[in-house]
file entry_19.txt (compact mmCIF, C-alpha atoms and all ligand atoms)
# COMPACT_ATOMS: atom_id res chain seq x y z
CA MET A 1 -127.38 -0.75 -57.56
CA THR A 2 -129.79 0.75 -60.11
CA LYS A 3 -129.00 0.37 -63.76
CA ASN A 4 -127.86 3.92 -64.44
CA GLN A 5 -125.39 3.68 -61.51
CA GLN A 6 -123.60 0.74 -63.09
CA THR A 7 -120.17 1.25 -64.59
CA LYS A 8 -119.21 -0.27 -67.92
CA ARG A 9 -115.97 -1.70 -66.60
CA ASP A 10 -115.12 -3.76 -63.52
CA PHE A 11 -112.50 -1.53 -61.94
CA VAL A 12 -111.05 -4.25 -59.71
CA ALA A 13 -107.75 -5.65 -61.01
CA GLU A 14 -107.95 -9.20 -62.33
CA HIS A 15 -105.35 -10.64 -59.99
CA VAL A 16 -107.24 -9.16 -57.03
CA ARG A 17 -110.61 -10.41 -58.28
CA SER A 18 -109.36 -13.98 -58.24
CA ILE A 19 -108.26 -13.84 -54.59
CA PRO A 20 -110.78 -15.50 -52.27
CA ARG A 21 -111.79 -13.89 -48.99
CA SER A 22 -110.06 -15.39 -45.98
CA GLY A 23 -111.95 -18.48 -44.82
CA ILE A 24 -111.14 -17.54 -41.25
CA ARG A 25 -112.69 -14.08 -41.42
CA ASP A 26 -115.92 -15.36 -42.99
CA PHE A 27 -116.26 -17.98 -40.32
CA PHE A 28 -115.59 -15.50 -37.53
CA ASP A 29 -118.19 -13.09 -38.82
CA ILE A 30 -120.67 -15.85 -37.90
CA VAL A 31 -118.99 -16.41 -34.52
CA GLN A 32 -119.26 -12.69 -33.67
CA SER A 33 -123.00 -12.78 -34.17
CA MET A 34 -123.46 -15.54 -31.53
CA ASP A 35 -123.51 -15.45 -27.72
CA ASN A 36 -121.69 -17.69 -25.25
CA VAL A 37 -119.12 -18.93 -27.76
CA ILE A 38 -115.75 -20.26 -26.57
CA SER A 39 -113.36 -19.32 -29.31
CA LEU A 40 -110.36 -21.48 -30.11
CA GLY A 41 -110.33 -19.69 -33.40
CA ILE A 42 -108.22 -16.59 -33.56
CA GLY A 43 -104.42 -16.78 -33.47
CA GLU A 44 -103.94 -14.07 -30.87
CA PRO A 45 -102.12 -14.36 -27.59
CA GLY A 46 -104.57 -14.73 -24.71
CA PHE A 47 -102.60 -12.12 -22.78
CA VAL A 48 -102.76 -8.35 -22.85
CA THR A 49 -99.40 -6.77 -23.76
CA PRO A 50 -97.29 -6.66 -20.57
CA TRP A 51 -97.93 -3.43 -18.67
CA HIS A 52 -94.39 -2.02 -18.87
CA ILE A 53 -94.55 -2.27 -22.67
CA ARG A 54 -97.92 -0.50 -22.78
CA GLU A 55 -96.50 2.10 -20.41
CA ALA A 56 -93.59 2.73 -22.80
CA ALA A 57 -96.12 3.54 -25.52
CA ILE A 58 -97.98 5.91 -23.18
CA PHE A 59 -94.68 7.50 -22.15
CA ALA A 60 -93.78 8.05 -25.81
CA LEU A 61 -97.07 9.84 -26.37
CA GLU A 62 -96.70 11.90 -23.20
CA HIS A 63 -93.31 13.04 -24.41
CA GLY A 64 -94.66 14.13 -27.73
CA LYS A 65 -93.17 11.33 -29.79
CA THR A 66 -95.67 11.63 -32.58
CA SER A 67 -93.47 12.07 -35.65
CA TYR A 68 -92.32 9.92 -38.56
CA THR A 69 -89.12 7.97 -38.03
CA SER A 70 -86.45 7.06 -40.54
CA ASN A 71 -87.90 4.79 -43.23
CA LEU A 72 -85.86 1.90 -41.87
CA GLY A 73 -87.15 2.55 -38.34
CA LEU A 74 -85.52 3.93 -35.18
CA LEU A 75 -81.81 3.11 -35.13
CA LYS A 76 -82.02 2.24 -31.43
CA LEU A 77 -84.66 -0.41 -32.17
CA ARG A 78 -82.68 -1.78 -35.11
CA ARG A 79 -79.60 -2.05 -32.90
CA LEU A 80 -81.57 -3.92 -30.24
CA ILE A 81 -82.98 -6.28 -32.87
CA GLY A 82 -79.47 -6.86 -34.22
CA ALA A 83 -78.23 -7.80 -30.74
CA TYR A 84 -81.30 -9.96 -30.05
CA LEU A 85 -80.85 -11.91 -33.29
CA GLN A 86 -77.19 -12.42 -32.60
CA ASP A 87 -77.82 -13.71 -29.06
CA HIS A 88 -80.86 -15.87 -29.78
CA PHE A 89 -80.61 -16.86 -33.46
CA HIS A 90 -76.84 -16.65 -34.04
CA ILE A 91 -77.30 -14.45 -37.09
CA GLU A 92 -75.48 -11.17 -37.60
CA TYR A 93 -77.37 -8.32 -39.24
CA ASP A 94 -76.02 -4.78 -39.59
CA PRO A 95 -78.59 -2.37 -38.07
CA ASN A 96 -77.58 0.32 -40.58
CA THR A 97 -78.13 -1.63 -43.77
CA GLU A 98 -79.74 -5.01 -43.08
CA ILE A 99 -82.71 -4.44 -40.75
CA LEU A 100 -85.99 -2.79 -41.74
CA ILE A 101 -88.80 -2.15 -39.24
CA ALA A 102 -92.18 -2.92 -40.80
CA VAL A 103 -95.86 -2.81 -39.90
CA GLY A 104 -95.95 -6.38 -38.64
CA VAL A 105 -94.67 -9.48 -40.36
CA SER A 106 -97.66 -8.93 -42.65
CA GLU A 107 -96.08 -5.88 -44.25
CA ALA A 108 -92.61 -7.41 -44.09
CA LEU A 109 -93.87 -10.43 -46.05
CA ASP A 110 -95.58 -8.22 -48.62
CA ILE A 111 -92.52 -6.06 -49.31
CA ALA A 112 -90.23 -9.11 -49.33
CA LEU A 113 -92.34 -10.78 -52.02
CA ARG A 114 -92.80 -7.61 -54.04
CA ALA A 115 -89.06 -6.96 -53.88
CA ILE A 116 -88.09 -10.31 -55.37
CA VAL A 117 -90.89 -11.65 -57.58
CA ASN A 118 -91.01 -11.00 -61.32
CA PRO A 119 -94.39 -11.75 -62.95
CA GLY A 120 -94.74 -15.51 -63.30
CA ASP A 121 -91.94 -16.45 -60.91
CA GLU A 122 -92.81 -19.46 -58.79
CA VAL A 123 -92.69 -19.27 -55.02
CA LEU A 124 -92.90 -22.54 -53.11
CA TYR A 125 -94.53 -22.80 -49.71
CA HIS A 126 -95.46 -25.68 -47.45
CA GLU A 127 -99.12 -26.35 -46.87
CA PRO A 128 -101.29 -26.37 -44.71
CA CYS A 129 -100.01 -22.86 -44.15
CA TYR A 130 -100.82 -19.39 -42.87
CA VAL A 131 -103.78 -18.06 -44.83
CA SER A 132 -101.98 -15.08 -46.34
CA TYR A 133 -99.12 -16.87 -48.10
CA HIS A 134 -100.81 -17.85 -51.34
CA PRO A 135 -102.69 -14.54 -51.79
CA SER A 136 -99.54 -12.55 -50.95
CA VAL A 137 -97.60 -14.34 -53.69
CA GLN A 138 -100.47 -13.73 -56.10
CA LEU A 139 -100.63 -10.02 -55.18
CA ALA A 140 -96.92 -9.81 -56.01
CA HIS A 141 -97.75 -11.30 -59.46
CA GLY A 142 -96.03 -14.56 -58.60
CA VAL A 143 -97.26 -18.13 -58.84
CA GLY A 144 -97.63 -19.89 -55.51
CA LYS A 145 -96.85 -23.60 -55.47
CA ALA A 146 -97.81 -25.65 -52.45
CA ILE A 147 -95.78 -28.55 -51.08
CA ARG A 148 -97.97 -30.82 -48.97
CA THR A 149 -96.86 -31.69 -45.46
CA ARG A 150 -98.54 -34.53 -43.63
CA ALA A 151 -99.73 -35.47 -40.14
CA GLU A 152 -97.78 -38.75 -40.21
CA ASN A 153 -94.55 -36.70 -40.57
CA ARG A 154 -95.55 -34.18 -37.87
CA PHE A 155 -96.18 -31.73 -40.76
CA THR A 156 -92.44 -31.15 -41.17
CA LEU A 157 -91.01 -30.26 -44.55
CA ASN A 158 -88.92 -32.75 -46.35
CA ALA A 159 -85.90 -31.56 -48.38
CA GLU A 160 -86.62 -34.19 -51.07
CA ASP A 161 -90.17 -32.86 -51.53
CA ILE A 162 -88.78 -29.37 -52.06
CA ALA A 163 -86.28 -30.63 -54.65
CA ALA A 164 -89.07 -32.45 -56.48
CA SER A 165 -91.18 -29.26 -56.69
CA ILE A 166 -88.49 -27.04 -58.21
CA THR A 167 -88.84 -26.00 -61.86
CA PRO A 168 -86.78 -23.53 -63.93
CA ARG A 169 -89.31 -20.82 -62.88
CA THR A 170 -88.87 -21.38 -59.15
CA LYS A 171 -87.28 -18.38 -57.52
CA ALA A 172 -87.97 -18.66 -53.83
CA ILE A 173 -89.37 -20.73 -51.01
CA LEU A 174 -91.40 -19.44 -48.12
CA LEU A 175 -90.83 -21.22 -44.81
CA ASN A 176 -92.75 -20.93 -41.56
CA PHE A 177 -91.46 -22.94 -38.60
CA PRO A 178 -92.87 -23.13 -35.96
CA SER A 179 -95.83 -23.33 -38.27
CA ASN A 180 -99.31 -21.88 -38.27
CA PRO A 181 -101.62 -23.92 -38.32
CA THR A 182 -99.83 -27.18 -37.52
CA GLY A 183 -97.39 -26.16 -34.77
CA ALA A 184 -94.68 -28.11 -36.62
CA THR A 185 -91.03 -27.29 -35.96
CA LEU A 186 -87.86 -28.45 -37.71
CA THR A 187 -84.76 -29.99 -36.15
CA HIS A 188 -81.39 -28.45 -36.90
CA GLU A 189 -80.59 -31.38 -39.21
CA GLU A 190 -83.83 -30.87 -41.14
CA VAL A 191 -83.06 -27.15 -41.50
CA GLU A 192 -79.58 -27.96 -42.81
CA LYS A 193 -80.96 -30.38 -45.41
CA ILE A 194 -83.43 -27.77 -46.65
CA ALA A 195 -80.62 -25.20 -46.80
CA ARG A 196 -78.57 -27.60 -48.95
CA VAL A 197 -81.39 -27.87 -51.50
CA CYS A 198 -81.79 -24.07 -51.58
CA ILE A 199 -78.08 -23.57 -52.18
CA ASP A 200 -77.91 -26.32 -54.80
CA HIS A 201 -80.87 -24.83 -56.72
CA ASP A 202 -79.93 -21.19 -56.10
CA LEU A 203 -83.23 -20.39 -54.37
CA LEU A 204 -84.01 -17.41 -52.18
CA VAL A 205 -85.63 -18.21 -48.82
CA ILE A 206 -88.20 -16.07 -47.09
CA THR A 207 -88.42 -17.40 -43.55
CA ASP A 208 -91.28 -16.29 -41.32
CA GLU A 209 -90.10 -17.07 -37.79
CA ILE A 210 -92.79 -15.17 -35.93
CA TYR A 211 -93.45 -18.10 -33.56
CA SER A 212 -89.80 -18.98 -32.89
CA GLU A 213 -89.90 -18.02 -29.18
CA LEU A 214 -92.86 -20.37 -28.75
CA THR A 215 -90.84 -23.54 -29.21
CA TYR A 216 -91.56 -26.02 -26.41
CA SER A 217 -88.72 -28.48 -26.61
CA GLY A 218 -85.31 -28.29 -28.26
CA GLN A 219 -83.76 -25.14 -29.67
CA HIS A 220 -85.34 -23.15 -32.48
CA SER A 221 -83.00 -23.27 -35.45
CA SER A 222 -83.09 -20.51 -38.08
CA ILE A 223 -82.22 -21.31 -41.67
CA ALA A 224 -80.63 -17.83 -41.91
CA ALA A 225 -77.92 -19.02 -39.49
CA VAL A 226 -76.80 -21.95 -41.66
CA PRO A 227 -73.47 -21.12 -43.36
CA GLY A 228 -74.07 -19.90 -46.90
CA MET A 229 -77.73 -19.01 -46.25
CA LYS A 230 -77.70 -15.42 -45.04
CA GLU A 231 -76.90 -14.21 -48.58
CA ARG A 232 -80.05 -15.86 -49.91
CA THR A 233 -82.45 -15.34 -47.02
CA ILE A 234 -84.99 -12.72 -46.03
CA PHE A 235 -85.65 -13.27 -42.34
CA LEU A 236 -89.03 -12.08 -41.00
CA HIS A 237 -89.91 -11.67 -37.38
CA GLY A 238 -92.03 -9.49 -35.15
CA PHE A 239 -93.47 -8.68 -31.77
CA SER A 240 -97.09 -9.83 -32.21
CA LYS A 241 -96.90 -13.34 -30.83
CA ALA A 242 -94.00 -13.63 -28.37
CA PHE A 243 -94.70 -10.30 -26.66
CA ALA A 244 -98.50 -10.36 -27.12
CA MET A 245 -98.34 -7.15 -29.18
CA THR A 246 -100.63 -7.90 -32.15
CA GLY A 247 -102.35 -4.50 -31.97
CA PHE A 248 -99.06 -2.59 -32.09
CA ARG A 249 -98.48 -3.82 -35.66
CA ILE A 250 -94.73 -4.06 -35.46
CA GLY A 251 -92.34 -6.48 -37.14
CA TYR A 252 -89.14 -6.52 -39.17
CA ALA A 253 -87.37 -7.90 -42.21
CA CYS A 254 -83.64 -8.63 -42.23
CA ALA A 255 -81.61 -9.36 -45.33
CA PRO A 256 -78.31 -8.53 -47.05
CA PRO A 257 -78.04 -4.82 -48.03
CA SER A 258 -79.16 -5.15 -51.67
CA LEU A 259 -82.36 -6.97 -50.68
CA THR A 260 -83.02 -4.63 -47.75
CA GLU A 261 -82.58 -1.68 -50.08
CA ALA A 262 -85.09 -3.22 -52.53
CA MET A 263 -87.64 -3.72 -49.72
CA LEU A 264 -86.98 -0.19 -48.47
CA ARG A 265 -87.91 1.26 -51.85
CA ILE A 266 -91.37 -0.30 -51.58
CA HIS A 267 -91.79 0.39 -47.87
CA GLN A 268 -90.81 4.08 -48.13
CA TYR A 269 -93.44 4.79 -50.76
CA SER A 270 -96.20 2.57 -49.43
CA MET A 271 -95.87 2.71 -45.63
CA LEU A 272 -93.16 5.34 -45.05
CA CYS A 273 -92.40 3.94 -41.59
CA ALA A 274 -93.93 1.96 -38.75
CA SER A 275 -95.64 3.92 -35.97
CA ILE A 276 -93.11 5.61 -33.68
CA ILE A 277 -95.27 4.73 -30.66
CA SER A 278 -95.12 1.04 -31.52
CA GLN A 279 -91.39 1.29 -32.16
CA GLU A 280 -90.88 2.79 -28.69
CA ALA A 281 -92.94 -0.03 -27.20
CA ALA A 282 -90.84 -2.58 -29.11
CA ILE A 283 -87.66 -1.04 -27.65
CA GLU A 284 -89.06 -1.60 -24.16
CA ALA A 285 -90.04 -5.18 -25.10
CA LEU A 286 -86.49 -6.03 -26.13
CA GLU A 287 -84.83 -4.16 -23.29
CA ARG A 288 -86.94 -5.46 -20.41
CA GLY A 289 -89.52 -7.93 -21.76
CA LEU A 290 -87.65 -11.15 -22.39
CA ASP A 291 -88.83 -12.70 -19.11
CA ASP A 292 -92.44 -12.06 -20.14
CA ILE A 293 -91.94 -14.40 -23.09
CA ALA A 294 -90.85 -17.25 -20.83
CA THR A 295 -93.81 -16.71 -18.49
CA MET A 296 -96.35 -16.76 -21.33
CA ARG A 297 -94.67 -19.74 -23.02
CA GLU A 298 -95.02 -21.81 -19.84
CA GLN A 299 -98.74 -21.05 -19.72
CA TYR A 300 -99.13 -22.03 -23.38
CA ARG A 301 -97.25 -25.26 -22.70
CA LEU A 302 -99.74 -26.27 -19.98
CA ARG A 303 -102.70 -25.41 -22.20
CA ARG A 304 -101.16 -27.32 -25.12
CA ASN A 305 -100.62 -30.43 -23.01
CA PHE A 306 -104.19 -30.29 -21.77
CA ILE A 307 -105.92 -29.68 -25.11
CA VAL A 308 -103.87 -32.22 -27.07
CA LYS A 309 -104.53 -34.90 -24.44
CA SER A 310 -108.23 -34.01 -24.50
CA PHE A 311 -108.47 -34.28 -28.30
CA ASN A 312 -106.84 -37.71 -28.24
CA GLU A 313 -109.15 -38.90 -25.44
CA ILE A 314 -112.18 -37.60 -27.33
CA GLY A 315 -111.11 -39.72 -30.33
CA LEU A 316 -109.78 -36.89 -32.51
CA PRO A 317 -106.17 -37.96 -33.12
CA CYS A 318 -103.84 -35.05 -32.51
CA HIS A 319 -100.04 -34.94 -32.79
CA MET A 320 -98.18 -32.98 -30.10
CA PRO A 321 -97.27 -29.64 -31.73
CA ASN A 322 -93.83 -28.45 -30.70
CA GLY A 323 -94.33 -24.77 -31.46
CA ALA A 324 -96.72 -21.82 -31.90
CA PHE A 325 -100.07 -22.08 -30.09
CA TYR A 326 -102.21 -24.26 -32.33
CA ALA A 327 -103.41 -27.86 -32.10
CA PHE A 328 -104.37 -29.44 -35.41
CA PRO A 329 -106.40 -32.59 -34.66
CA SER A 330 -107.77 -34.90 -37.32
CA ILE A 331 -111.56 -34.99 -37.47
CA ARG A 332 -111.71 -37.60 -40.26
CA GLU A 333 -113.14 -40.31 -38.03
CA THR A 334 -116.30 -38.28 -37.50
CA GLY A 335 -117.10 -38.64 -41.22
CA LEU A 336 -117.60 -34.87 -41.47
CA THR A 337 -115.62 -32.45 -43.59
CA SER A 338 -113.62 -29.91 -41.61
CA ARG A 339 -116.14 -27.21 -42.52
CA GLU A 340 -119.15 -29.36 -41.51
CA PHE A 341 -117.42 -30.25 -38.25
CA SER A 342 -116.64 -26.60 -37.45
CA VAL A 343 -120.10 -25.28 -38.33
CA GLN A 344 -121.95 -28.04 -36.45
CA LEU A 345 -119.68 -27.73 -33.41
CA LEU A 346 -120.33 -24.01 -33.36
CA GLU A 347 -124.10 -24.36 -33.79
CA GLN A 348 -124.56 -27.23 -31.34
CA GLN A 349 -121.95 -26.54 -28.66
CA ARG A 350 -120.88 -22.94 -29.22
CA VAL A 351 -117.18 -23.74 -29.67
CA ALA A 352 -115.32 -22.07 -32.53
CA VAL A 353 -112.42 -23.81 -34.26
CA VAL A 354 -111.11 -23.06 -37.74
CA PRO A 355 -111.83 -25.54 -40.56
CA GLY A 356 -108.51 -26.98 -41.73
CA ASP A 357 -109.21 -26.25 -45.39
CA ALA A 358 -108.90 -22.51 -44.62
CA PHE A 359 -105.14 -23.26 -44.63
CA GLY A 360 -105.20 -24.89 -48.06
CA PRO A 361 -106.56 -28.18 -49.41
CA GLY A 362 -103.96 -30.08 -47.36
CA GLY A 363 -105.75 -28.95 -44.20
CA GLU A 364 -108.96 -30.82 -45.04
CA GLY A 365 -109.72 -33.50 -42.45
CA HIS A 366 -108.35 -31.30 -39.64
CA VAL A 367 -109.42 -28.31 -37.61
CA ARG A 368 -107.20 -25.71 -35.99
CA ALA A 369 -107.73 -25.03 -32.32
CA SER A 370 -105.76 -22.15 -30.78
CA TYR A 371 -104.76 -22.88 -27.22
CA CYS A 372 -103.78 -19.32 -26.44
CA GLY A 373 -106.98 -18.61 -24.45
CA SER A 374 -107.38 -19.25 -20.72
CA MET A 375 -107.13 -22.72 -19.15
CA ILE A 376 -110.75 -22.39 -17.98
CA ASP A 377 -111.81 -21.88 -21.59
CA MET A 378 -109.71 -24.89 -22.67
CA GLU A 379 -111.47 -27.05 -20.09
CA LYS A 380 -114.95 -25.87 -21.03
CA ALA A 381 -114.17 -26.25 -24.74
CA ALA A 382 -112.88 -29.80 -24.25
CA GLU A 383 -116.09 -30.78 -22.42
CA ARG A 384 -118.27 -29.32 -25.14
CA ILE A 385 -116.25 -30.92 -27.98
CA ALA A 386 -116.45 -34.31 -26.21
CA LEU A 387 -120.23 -33.95 -25.97
CA PHE A 388 -120.46 -32.94 -29.62
CA VAL A 389 -118.43 -35.93 -30.81
CA ARG A 390 -120.37 -38.34 -28.53
CA ASN A 391 -123.65 -37.09 -29.96
CA LEU A 392 -122.46 -37.79 -33.51
CA LYS A 393 -122.25 -41.52 -32.80
C1 LIG B 401 -97.31 -17.36 -39.67
C2 LIG B 401 -97.73 -15.96 -39.45
N1 LIG B 401 -97.05 -14.96 -40.04
C3 LIG B 401 -97.42 -13.69 -39.89
C4 LIG B 401 -98.53 -13.33 -39.13
C5 LIG B 401 -98.90 -11.89 -39.01
O1 LIG B 401 -98.07 -11.29 -38.09
P1 LIG B 401 -98.08 -9.74 -37.74
O2 LIG B 401 -99.07 -9.53 -36.64
O3 LIG B 401 -96.67 -9.46 -37.29
O4 LIG B 401 -98.44 -9.00 -38.98
C6 LIG B 401 -99.28 -14.34 -38.51
C7 LIG B 401 -100.48 -14.01 -37.72
O5 LIG B 401 -101.26 -14.84 -37.35
C8 LIG B 401 -98.86 -15.68 -38.67
O6 LIG B 401 -99.53 -16.69 -38.09

call {"tool": "encode", "arguments": {"input": "entry_19.txt", "output": "structure tokens", "more": "lines below"}}
Ligand SMILES: Cc1ncc(COP(=O)(O)O)c(C=O)c1O
result
Amino acid sequence: MTKNQQTKRDFVAEHVRSIPRSGIRDFFDIVQSMDNVISLGIGEPGFVTPWHIREAAIFALEHGKTSYTSNLGLLKLRRLIGAYLQDHFHIEYDPNTEILIAVGVSEALDIALRAIVNPGDEVLYHEPCYVSYHPSVQLAHGVGKAIRTRAENRFTLNAEDIAASITPRTKAILLNFPSNPTGATLTHEEVEKIARVCIDHDLLVITDEIYSELTYSGQHSSIAAVPGMKERTIFLHGFSKAFAMTGFRIGYACAPPSLTEAMLRIHQYSMLCASIISQEAAIEALERGLDDIATMREQYRLRRNFIVKSFNEIGLPCHMPNGAFYAFPSIRETGLTSREFSVQLLEQQRVAVVPGDAFGPGGEGHVRASYCGSMIDMEKAAERIALFVRNLK
């Protein structure tokens, strides 16, 4: 920029200026510029959206469904979501007043935080965590406070650690089980203990359960279903992961009427509504797509078993993740930082994994490997990683 083009002020808001770029995106800009890379990097289902769901979107277009919908979303979709949550999560939400269709869990999370955070309010979250949690709290003018989870505890969240992190400014806690990036899940007893702390300290819970269908053993247990919790919970879910519908950008937020109304006020002025085409596809997913979930989950299970076994054999200790589609092995024994490991692995063997510190300081010493790609890719990646680690010695 030449001198006379410069502005006197920096127009970017201070709280935006202080937000770092996503570590994952930066890393994957490098990956995109290279050939022959096997990517265990991106958290996207390795399946195309099932055909009947894509067809429903095409059908909607063919029939001229190109309009806005109600701000809350199509009532038919909200009713189906209500029934789905009752059957599978044992939570009752009124489709008229307690369910809002959003543009992915991403938007649902944003409006949930903006609806509840006053400037300076503290929001707890467990870390390592999904890359957008801390910035999303910051964008809502809140103060994010991380609670460390650890490999030796399977990265589960301990109720005592939550209690110890609460201050008079703490308003809410953000939960994500099954978790990205660790694949951790919680038992029903663990969920109940966390609920007890939230009730005792009058906290609101935002629970991102986007990976709940990808739970490999035991039943997924939602904190919203614990007696006394619905009143203080914003439940977030979506279609991206279980139905392989990331590109449709469709999710939802469920909460008691006053909280739903607060989220609606933001959503109606910022987003207006989710795409009608995606909503029609989501209707098809819930009406006829539940078997697709089971088929994909079984494939992920095989890939998980293979990649976790491979990491342990290679000498990169890896716990068995019970949910989502990520393995989170420790790379400490190589003596490299997670960033050095990831960059060198990419340069020398053309395998992309995500450095653990992209998920917060607690992720250092680990890398995240998505096992949602094909089994052939898992096998090739395991061979290349083994070679890389052998050559380090
Ligand atoms: C924990 C978690 N929440 C939310 C999202 C975003 O979901 P959506 O595609 O519904 O916006 C992701 C995507 O990776 C995620 O891992």

call {"tool": "atom_distance", "arguments": {"input": "entry_19.txt", "atom1": "atom C1 of ligand LIG 401 (chain B)", "atom2": "atom CA of Tyr130 of chain A"}}
result
5.2 Å

call {"tool": "atom_distance", "arguments": {"input": "entry_19.txt", "atom1": "atom CA of Gly41 of chain A", "atom2": "atom CA of Arg368 of chain A"}}
result
7.3 Å

call {"tool": "residues_around", "arguments": {"input": "entry_19.txt", "residues": "Glu379 of chain A", "least_positions_apart": "6", "cutoff": "9 Å", "atoms": "all atoms listed in the file", "output": "list of chain:residue names"}}
result
A:Phe306, A:Ile307, A:Ser310

call {"tool": "residues_near_ligand", "arguments": {"input": "entry_19.txt", "ligand": "ligand LIG 401 (chain B)", "cutoff": "6 Å", "atoms": "all atoms listed in the file", "output": "list in words"}}
result
Gly43, Gly104, Val105, Ser106, Tyr130, Asn180, Ile210, Gly238, Ser240, Thr246, Arg249 and Gly251 of chain A

call {"tool": "write_last_selection", "arguments": {"input": "entry_19.txt", "atoms": "C-alpha atoms", "output": "short mmCIF file (atom, residue, chain, number, x, y, z; two decimals), in the frame of the given file"}}
result
data_model
loop_
_atom_site.label_atom_id
_atom_site.label_comp_id
_atom_site.auth_asym_id
_atom_site.auth_seq_id
_atom_site.Cartn_x
_atom_site.Cartn_y
_atom_site.Cartn_z
CA GLY A 43 -104.42 -16.78 -33.47
CA GLY A 104 -95.95 -6.38 -38.64
CA VAL A 105 -94.67 -9.48 -40.36
CA SER A 106 -97.66 -8.93 -42.65
CA TYR A 130 -100.82 -19.39 -42.87
CA ASN A 180 -99.31 -21.88 -38.27
CA ILE A 210 -92.79 -15.17 -35.93
CA GLY A 238 -92.03 -9.49 -35.15
CA SER A 240 -97.09 -9.83 -32.21
CA THR A 246 -100.63 -7.90 -32.15
CA ARG A 249 -98.48 -3.82 -35.66
CA GLY A 251 -92.34 -6.48 -37.14
#

call {"tool": "atom_distance", "arguments": {"input": "entry_19.txt", "atom1": "atom CA of Lys193 of chain A", "atom2": "atom CA of Ala164 of chain A"}}
result
13.9 Å

call {"tool": "closest_residue", "arguments": {"input": "entry_19.txt", "among": "A:Val37, A:Arg196, A:Gln299, A:Glu340", "to": "Ser374 of chain A", "atoms": "only C-alpha atoms"}}
result
A:Gln299

call {"tool": "closest_residue", "arguments": {"input": "entry_19.txt", "among": "A:Glu383, A:Gly362, A:Ile199, A:Leu286", "to": "Tyr84 of chain A", "atoms": "all atoms listed in the file"}}
result
A:Leu286

call {"tool": "residues_near_point", "arguments": {"input": "entry_19.txt", "point": "(-92.2, -0.1, -51.0)", "cutoff": "10 Å", "atoms": "all atoms listed in the file", "output": "compact mmCIF listing (two decimals) with C-alpha atoms, in the coordinates of the input"}}
result
# COMPACT_ATOMS: atom_id res chain seq x y z
CA GLU A 107 -96.08 -5.88 -44.25
CA ASP A 110 -95.58 -8.22 -48.62
CA ILE A 111 -92.52 -6.06 -49.31
CA ALA A 112 -90.23 -9.11 -49.33
CA ARG A 114 -92.80 -7.61 -54.04
CA ALA A 115 -89.06 -6.96 -53.88
CA GLU A 261 -82.58 -1.68 -50.08
CA ALA A 262 -85.09 -3.22 -52.53
CA MET A 263 -87.64 -3.72 -49.72
CA LEU A 264 -86.98 -0.19 -48.47
CA ARG A 265 -87.91 1.26 -51.85
CA ILE A 266 -91.37 -0.30 -51.58
CA HIS A 267 -91.79 0.39 -47.87
CA GLN A 268 -90.81 4.08 -48.13
CA TYR A 269 -93.44 4.79 -50.76
CA SER A 270 -96.20 2.57 -49.43
CA MET A 271 -95.87 2.71 -45.63
CA LEU A 272 -93.16 5.34 -45.05

call {"tool": "residues_around", "arguments": {"input": "entry_19.txt", "residues": "Gln349 of chain A", "least_positions_apart": "3", "cutoff": "12 Å", "atoms": "all atoms listed in the file", "output": "mmCIF file with C-alpha atoms, keeping the file's coordinate frame"}}
result
data_model
loop_
_atom_site.group_PDB
_atom_site.id
_atom_site.type_symbol
_atom_site.label_atom_id
_atom_site.label_comp_id
_atom_site.auth_asym_id
_atom_site.auth_seq_id
_atom_site.Cartn_x
_atom_site.Cartn_y
_atom_site.Cartn_z
ATOM 1 C CA MET A 34 -123.460 -15.540 -31.530
ATOM 2 C CA ASP A 35 -123.510 -15.450 -27.720
ATOM 3 C CA ASN A 36 -121.690 -17.690 -25.250
ATOM 4 C CA VAL A 37 -119.120 -18.930 -27.760
ATOM 5 C CA ILE A 38 -115.750 -20.260 -26.570
ATOM 6 C CA SER A 39 -113.360 -19.320 -29.310
ATOM 7 C CA PHE A 341 -117.420 -30.250 -38.250
ATOM 8 C CA SER A 342 -116.640 -26.600 -37.450
ATOM 9 C CA VAL A 343 -120.100 -25.280 -38.330
ATOM 10 C CA GLN A 344 -121.950 -28.040 -36.450
ATOM 11 C CA LEU A 345 -119.680 -27.730 -33.410
ATOM 12 C CA LEU A 346 -120.330 -24.010 -33.360
ATOM 13 C CA ALA A 352 -115.320 -22.070 -32.530
ATOM 14 C CA VAL A 353 -112.420 -23.810 -34.260
ATOM 15 C CA LYS A 380 -114.950 -25.870 -21.030
ATOM 16 C CA ALA A 381 -114.170 -26.250 -24.740
ATOM 17 C CA ALA A 382 -112.880 -29.800 -24.250
ATOM 18 C CA GLU A 383 -116.090 -30.780 -22.420
ATOM 19 C CA ARG A 384 -118.270 -29.320 -25.140
ATOM 20 C CA ILE A 385 -116.250 -30.920 -27.980
ATOM 21 C CA ALA A 386 -116.450 -34.310 -26.210
ATOM 22 C CA LEU A 387 -120.230 -33.950 -25.970
ATOM 23 C CA PHE A 388 -120.460 -32.940 -29.620
ATOM 24 C CA VAL A 389 -118.430 -35.930 -30.810
ATOM 25 C CA ARG A 390 -120.370 -38.340 -28.530
ATOM 26 C CA ASN A 391 -123.650 -37.090 -29.960
#

call {"tool": "closest_residue", "arguments": {"input": "entry_19.txt", "among": "A:Ala57, A:Ala225, A:Leu77, A:Leu175", "to": "His90 of chain A", "atoms": "only C-alpha atoms"}}
result
A:Ala225

call {"tool": "closest_residue", "arguments": {"input": "entry_19.txt", "among": "A:Cys254, A:Ala244, A:Ala195, A:Val31", "to": "Asp208 of chain A", "atoms": "all atoms listed in the file"}}
result
A:Cys254

call {"tool": "closest_atom_pairs", "arguments": {"input": "entry_19.txt", "of": "segment 17-122 of chain A", "to": "segment 214-221 of chain A", "cutoff": "12 Å", "atoms": "all atoms listed in the file", "output": "CSV"}}
result
residue,atom,partner,partner_atom,distance
A:Pro45,CA,A:Leu214,CA,11.1
A:Leu85,CA,A:Ser221,CA,11.8
A:His88,CA,A:His220,CA,9.0
A:Phe89,CA,A:Ser221,CA,7.1
A:His90,CA,A:Ser221,CA,9.2
A:Ile91,CA,A:Ser221,CA,10.6
